[in-house]
Amino acid sequence: MRFMLTEALQPGMRVGRDIIFGKNASMLYKGTLLTEKYITRLCNGGYYGVYVTDPFSEEVEYGEVVDQRLYQ
């Protein structure tokens, strides 16, 4: 898994971590394939970037920097 800037995202990439959209808690779940609609929503929502999984980074392990409960 690796962090990608929203402007570098391409349709067909797979979400590496759950993404929460605002107070209504709609989400893109880990494993979701990104579409143009999802990428546009991320860009318009002010997201700097997201984690994606791909063959280049599938062996990379990462630790949580911020506890997920803080996002909620």
# chains A, B, ... in the order shown; residues from 1 in each chain; ligands from 1
>>> residues_around(residues="Thr35 of chain A", least_positions_apart="4", cutoff="9 Å", atoms="only C-alpha atoms", output="PyMOL selection string")
chain A and resi 10-13+39-40
>>> residues_around(residues="Val52 of chain A", least_positions_apart="6", cutoff="9 Å", atoms="only C-alpha atoms", output="list in words")
Met1, Arg2, Phe3, Met4, Leu9, Met13, Arg14, Val15, Gly16, Arg17, Lys30 and Gly31 of chain A
>>> write_last_selection(atoms="N, CA, C and O atoms", output="mmCIF file, in the first residue's frame")
data_model
loop_
_atom_site.group_PDB
_atom_site.id
_atom_site.type_symbol
_atom_site.label_atom_id
_atom_site.label_comp_id
_atom_site.auth_asym_id
_atom_site.auth_seq_id
_atom_site.Cartn_x
_atom_site.Cartn_y
_atom_site.Cartn_z
ATOM 1 N N MET A 1 0.847 -1.164 0.000
ATOM 2 C CA MET A 1 0.000 0.000 0.000
ATOM 3 C C MET A 1 0.893 1.228 0.000
ATOM 4 O O MET A 1 1.938 1.240 0.621
ATOM 5 N N ARG A 2 0.438 2.253 -0.704
ATOM 6 C CA ARG A 2 1.187 3.510 -0.730
ATOM 7 C C ARG A 2 0.236 4.694 -0.788
ATOM 8 O O ARG A 2 -0.899 4.567 -1.220
ATOM 9 N N PHE A 3 0.736 5.837 -0.334
ATOM 10 C CA PHE A 3 -0.040 7.073 -0.325
ATOM 11 C C PHE A 3 0.120 7.744 -1.672
ATOM 12 O O PHE A 3 1.232 7.906 -2.167
ATOM 13 N N MET A 4 -1.008 8.136 -2.281
ATOM 14 C CA MET A 4 -0.981 8.826 -3.570
ATOM 15 C C MET A 4 -1.757 10.132 -3.458
ATOM 16 O O MET A 4 -2.821 10.173 -2.842
ATOM 17 N N LEU A 9 -4.345 10.102 -8.840
ATOM 18 C CA LEU A 9 -5.184 8.904 -8.849
ATOM 19 C C LEU A 9 -5.731 8.636 -10.240
ATOM 20 O O LEU A 9 -6.019 9.559 -10.995
ATOM 21 N N MET A 13 -7.647 2.091 -9.819
ATOM 22 C CA MET A 13 -6.801 1.878 -8.641
ATOM 23 C C MET A 13 -7.676 1.387 -7.501
ATOM 24 O O MET A 13 -8.860 1.695 -7.442
ATOM 25 N N ARG A 14 -7.083 0.631 -6.588
ATOM 26 C CA ARG A 14 -7.836 0.033 -5.483
ATOM 27 C C ARG A 14 -7.527 0.767 -4.177
ATOM 28 O O ARG A 14 -6.368 0.994 -3.846
ATOM 29 N N VAL A 15 -8.573 1.154 -3.432
ATOM 30 C CA VAL A 15 -8.437 1.859 -2.154
ATOM 31 C C VAL A 15 -7.726 0.950 -1.143
ATOM 32 O O VAL A 15 -8.086 -0.215 -0.987
ATOM 33 N N GLY A 16 -6.717 1.488 -0.463
ATOM 34 C CA GLY A 16 -5.938 0.708 0.488
ATOM 35 C C GLY A 16 -6.433 0.796 1.924
ATOM 36 O O GLY A 16 -6.150 -0.091 2.727
ATOM 37 N N ARG A 17 -7.150 1.862 2.259
ATOM 38 C CA ARG A 17 -7.717 2.057 3.602
ATOM 39 C C ARG A 17 -9.083 2.689 3.453
ATOM 40 O O ARG A 17 -9.323 3.450 2.524
ATOM 41 N N LYS A 30 -11.960 -0.170 1.984
ATOM 42 C CA LYS A 30 -10.722 -0.783 1.534
ATOM 43 C C LYS A 30 -11.062 -1.824 0.468
ATOM 44 O O LYS A 30 -11.986 -2.620 0.630
ATOM 45 N N GLY A 31 -10.355 -1.763 -0.651
ATOM 46 C CA GLY A 31 -10.586 -2.706 -1.738
ATOM 47 C C GLY A 31 -11.473 -2.185 -2.851
ATOM 48 O O GLY A 31 -11.551 -2.784 -3.918
#
>>> atom_distance(atom1="atom CA of Phe21 of chain A", atom2="atom CA of Asp54 of chain A")
22.8 Å
>>> closest_residue(among="A:Phe56, A:Tyr48, A:Tyr38, A:Tyr29", to="Thr6 of chain A", atoms="only C-alpha atoms")
A:Tyr48
>>> atom_distance(atom1="atom CA of Ile19 of chain A", atom2="atom CA of Glu7 of chain A")
16.3 Å
>>> atom_distance(atom1="atom CA of Met27 of chain A", atom2="atom CA of Leu5 of chain A")
18.3 Å
